[in-house]
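The file query_1.txt contains compact mmCIF, C-alpha atoms:
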```
# COMPACT_ATOMS: atom_id res chain seq x y z
CA MET A 39 -61.34 5.05 2.20
CA THR A 40 -61.01 3.35 5.59
CA LYS A 41 -58.69 4.48 8.34
CA THR A 42 -56.51 1.40 7.78
CA HIS A 43 -56.13 2.20 4.08
CA THR A 44 -55.21 5.78 4.96
CA ILE A 45 -52.53 4.59 7.43
CA VAL A 46 -51.10 2.14 4.89
CA ARG A 47 -51.12 4.80 2.14
CA HIS A 48 -49.25 7.24 4.41
CA GLY A 49 -46.75 4.51 5.32
CA LEU A 50 -46.11 3.75 1.65
CA CYS A 51 -45.70 7.46 0.86
CA SER A 52 -43.20 7.77 3.74
CA LEU A 53 -41.28 4.77 2.43
CA ALA A 54 -41.16 6.34 -1.05
CA VAL A 55 -39.67 9.55 0.40
CA VAL A 56 -37.08 7.55 2.40
CA VAL A 57 -36.12 5.50 -0.68
CA ALA A 58 -35.82 8.65 -2.80
CA CYS A 59 -33.53 10.24 -0.21
CA ALA A 60 -31.56 7.03 0.15
CA THR A 61 -30.97 6.89 -3.61
CA GLN A 62 -29.30 10.29 -3.41
CA ALA A 63 -27.22 9.24 -0.39
CA PHE A 64 -26.10 5.97 -2.01
CA ALA A 65 -25.17 7.84 -5.20
CA GLN A 66 -22.93 10.16 -3.16
CA THR A 67 -21.13 7.24 -1.45
CA SER A 68 -20.61 5.08 -4.53
CA ARG A 69 -16.85 4.78 -3.81
CA ALA A 70 -17.50 2.93 -0.53
CA THR A 71 -17.45 -0.84 -0.61
CA ALA A 72 -20.74 -2.46 0.41
CA TYR A 73 -20.43 -5.32 2.88
CA PRO A 74 -23.06 -7.30 4.82
CA VAL A 75 -23.14 -7.24 8.62
CA SER A 76 -25.10 -9.78 10.70
CA LEU A 77 -27.04 -8.12 13.53
CA SER A 78 -29.24 -11.00 14.72
CA GLY A 79 -30.28 -11.32 18.35
CA PRO A 80 -33.02 -11.79 20.94
CA ARG A 81 -36.05 -9.49 21.22
CA VAL A 82 -38.37 -8.81 24.14
CA GLY A 83 -41.28 -6.41 24.54
CA ALA A 84 -45.03 -6.03 24.54
CA THR A 85 -47.86 -5.82 22.03
CA PHE A 86 -51.08 -3.91 22.62
CA LEU A 87 -54.22 -5.10 20.82
CA SER A 88 -57.26 -3.13 19.74
CA PRO A 89 -60.60 -4.74 20.70
CA GLY A 90 -61.15 -5.90 17.11
CA VAL A 91 -57.85 -7.82 17.03
CA ALA A 92 -58.63 -9.46 20.39
CA ASP A 93 -62.04 -10.50 18.98
CA LYS A 94 -60.40 -11.93 15.86
CA LEU A 95 -58.07 -14.02 18.03
CA ARG A 96 -61.09 -15.28 20.02
CA ASP A 97 -62.59 -16.43 16.69
CA HIS A 98 -59.54 -18.75 16.52
CA GLN A 99 -60.06 -19.95 20.15
CA ILE A 100 -57.22 -17.74 21.45
CA ASP A 101 -58.43 -15.81 24.50
CA ALA A 102 -55.86 -13.03 24.90
CA GLY A 103 -55.93 -9.86 26.95
CA TRP A 104 -55.32 -6.43 25.44
CA ALA A 105 -51.59 -6.54 26.28
CA LEU A 106 -49.20 -9.40 25.50
CA SER A 107 -45.58 -10.09 26.33
CA GLN A 108 -43.34 -10.77 23.33
CA PHE A 109 -40.23 -12.94 23.22
CA GLY A 110 -38.38 -13.91 20.09
CA TRP A 111 -35.46 -13.58 17.75
CA GLN A 112 -34.63 -11.17 14.97
CA PHE A 113 -32.46 -12.32 12.07
CA GLU A 114 -30.99 -9.17 10.54
CA LYS A 115 -28.57 -8.43 7.74
CA ARG A 116 -27.40 -4.90 7.17
CA ILE A 117 -25.67 -3.86 3.96
CA LYS A 118 -23.39 -1.07 5.07
CA THR A 119 -21.98 1.18 2.38
CA GLY A 120 -19.18 2.72 4.41
CA PRO A 121 -18.14 3.90 7.87
CA SER A 122 -21.07 6.35 8.03
CA GLY A 123 -24.27 6.97 6.12
CA LEU A 124 -27.31 4.95 5.15
CA SER A 125 -27.48 1.17 5.30
CA ALA A 126 -30.06 -1.15 3.78
CA VAL A 127 -31.62 -3.53 6.31
CA ASN A 128 -33.35 -6.89 5.76
CA GLU A 129 -34.81 -8.61 8.82
CA TRP A 130 -37.02 -11.51 9.82
CA VAL A 131 -38.63 -11.23 13.25
CA PHE A 132 -40.08 -14.35 14.92
CA LEU A 133 -42.06 -13.68 18.13
CA ALA A 134 -44.12 -15.69 20.62
CA GLY A 135 -46.70 -13.56 22.39
CA GLY A 136 -48.90 -14.08 25.43
CA LEU A 137 -46.68 -16.45 27.40
CA GLU A 138 -47.64 -14.70 30.66
CA GLN A 139 -51.27 -15.63 29.89
CA GLY A 140 -50.47 -19.30 29.28
CA ILE A 141 -50.89 -19.00 25.51
CA VAL A 142 -48.53 -18.82 22.54
CA ILE A 143 -49.43 -16.47 19.71
CA PRO A 144 -46.83 -16.83 16.95
CA SER A 145 -45.89 -13.86 14.80
CA LEU A 146 -43.62 -13.60 11.77
CA SER A 147 -42.59 -10.32 10.13
CA TRP A 148 -40.30 -9.68 7.18
CA LEU A 149 -39.12 -6.08 7.15
CA VAL A 150 -36.96 -4.22 4.68
CA GLY A 151 -35.80 -0.72 5.37
CA LEU A 152 -33.06 1.78 6.01
CA ARG A 153 -30.87 2.78 8.94
CA THR A 154 -28.97 6.07 9.15
CA GLY A 155 -25.42 6.42 10.41
CA SER A 156 -26.81 7.79 13.69
CA GLY A 157 -28.96 4.66 14.22
CA MET A 158 -32.41 5.92 13.22
CA GLU A 159 -34.28 3.20 11.32
CA PHE A 160 -37.49 2.54 9.41
CA GLY A 161 -38.82 -0.70 7.91
CA LEU A 162 -41.91 -2.01 6.20
CA GLY A 163 -43.15 -5.48 5.32
CA PRO A 164 -45.65 -8.30 5.76
CA ASN A 165 -46.70 -9.69 9.14
CA VAL A 166 -48.46 -13.03 9.70
CA THR A 167 -50.24 -14.04 12.94
CA PRO A 168 -53.37 -16.05 13.81
CA ALA A 169 -55.22 -12.70 13.61
CA GLY A 170 -54.39 -12.58 9.88
CA VAL A 171 -51.97 -11.08 7.40
CA ALA A 172 -51.15 -7.38 7.58
CA LEU A 173 -48.55 -4.76 6.73
CA ALA A 174 -46.12 -3.94 9.55
CA MET A 175 -44.47 -0.53 9.76
CA ALA A 176 -41.64 -0.16 12.26
CA GLY A 177 -39.31 2.60 13.32
CA GLY A 178 -36.85 3.30 16.06
CA VAL A 179 -33.25 3.76 16.97
CA THR A 180 -30.30 1.45 17.60
CA ILE A 181 -27.78 2.59 20.16
CA SER A 182 -24.27 1.22 19.60
CA LYS A 183 -21.47 0.95 22.13
CA GLY A 184 -18.46 -0.84 20.69
CA ALA A 185 -19.65 -4.10 19.14
CA LEU A 186 -22.89 -4.10 21.21
CA ASN A 187 -26.10 -2.79 19.60
CA VAL A 188 -29.33 -2.17 21.53
CA PRO A 189 -32.39 -1.49 19.36
CA PHE A 190 -35.55 0.28 20.57
CA ASN A 191 -38.41 -0.10 18.08
CA VAL A 192 -42.12 0.60 17.79
CA ALA A 193 -44.15 -1.33 15.22
CA VAL A 194 -47.65 -0.48 14.05
CA VAL A 195 -49.66 -3.20 12.32
CA PRO A 196 -53.01 -2.01 10.98
CA SER A 197 -55.39 -4.69 9.70
CA ARG A 198 -59.06 -5.15 8.91
CA ALA A 199 -59.63 -6.39 12.45
CA GLY A 200 -57.93 -3.39 14.07
CA MET A 201 -54.55 -2.18 15.18
CA ARG A 202 -51.61 -3.83 16.95
CA VAL A 203 -48.81 -1.75 18.41
CA SER A 204 -45.59 -3.42 19.59
CA VAL A 205 -42.68 -2.02 21.56
CA LEU A 206 -39.53 -4.15 21.34
CA THR A 207 -35.92 -4.06 22.44
CA GLY A 208 -33.08 -6.55 22.62
CA PHE A 209 -29.43 -6.69 21.73
CA ASN A 210 -27.00 -7.99 19.16
CA MET A 211 -23.28 -8.04 18.61
CA ARG A 212 -21.65 -6.88 15.41
CA ARG A 213 -20.00 -9.88 13.70
```
Could you spell out this file's structure in structure tokens?
Amino acid sequence: MTKTHTIVRHGLCSLAVVVACATQAFAQTSRATAYPVSLSGPRVGATFLSPGVADKLRDHQIDAGWALSQFGWQFEKRIKTGPSGLSAVNEWVFLAGGLEQGIVIPSLSWLVGLRTGSGMEFGLGPNVTPAGVALAMAGGVTISKGALNVPFNVAVVPSRAGMRVSVLTGFNMRR
């Protein structure tokens, strides 16, 4: 079993534990009314590429350094089950990387996951870039102050070519 398969297997096992715990939490808050909340907003950060991923990009005539800026937008819907507790999260993240190097490397991720009442979050889903298709695993925390939310996330994207690690932040307003 390769290192990538081991990482993906551990990520899937972690997701299974989170879902199992969430099932118990949702069962305990069944009286709360579920309602969707839009938390879309801009994202900015950096992605760090392993040598294999940089080589894969070069195969597609994209000459990128080992570190890339990231700018984009996250479309997020949260299904909140009450004033506190777990929320289900569905998000699409569109990013453009490498602008400081005079290149544009598009990235699209679809993540589904959970966020606790304290703002801790975890998501998992597909990621598509010129380097290929992979499974993205992200985690972090969202700090809320009134209607303003500021997320801090780290995403790990293992693939056959190697590993990508992204650090992103941004903001959104509760609507």
What's around stretch 90-100 of chain A at 12 Å? Count all atoms listed in the file, leave out sequence neighbours fewer than 3 positions away in its own chain, and write the answer as a ChimeraX atom specification. /A:85-87,103-106,135-136,139-144,167-172,195-203
Atom CA of A:Ser76 sits from atom CA of A:Lys115 at a separation of 4.8 Å
Show which residues sit within 6 Å of A:Gly178, as a list of chain:residue names. Count all atoms listed in the file, and ignore same-chain residues fewer than 2 positions away. A:Met158, A:Glu159, A:Phe190, A:Asn191
Hey, could you pull the box centre and edge lengths for stretch 154-170 of chain A, axis-aligned, 6 Å padding per side, all listed atoms, to one decimal in Å, as JSON?
```
{"center_x": -40.3, "center_y": -4.1, "center_z": 9.8, "size_x": 41.8, "size_y": 35.8, "size_z": 20.9}
```
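Picture a line from atom CA of A:Gly177 to atom CA of A:Leu77; it runs 16.3 Å.
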Proximity to A:Pro121 - best of A:Thr154, A:Asn210, A:Asn187, A:Ser88, only C-alpha atoms: A:Thr154
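Of the listed residues A:Leu137, A:Leu146, A:Leu152, A:Ala84, the one whose atoms come nearest to A:Thr180 is A:Leu152, with distances taken using only C-alpha atoms.
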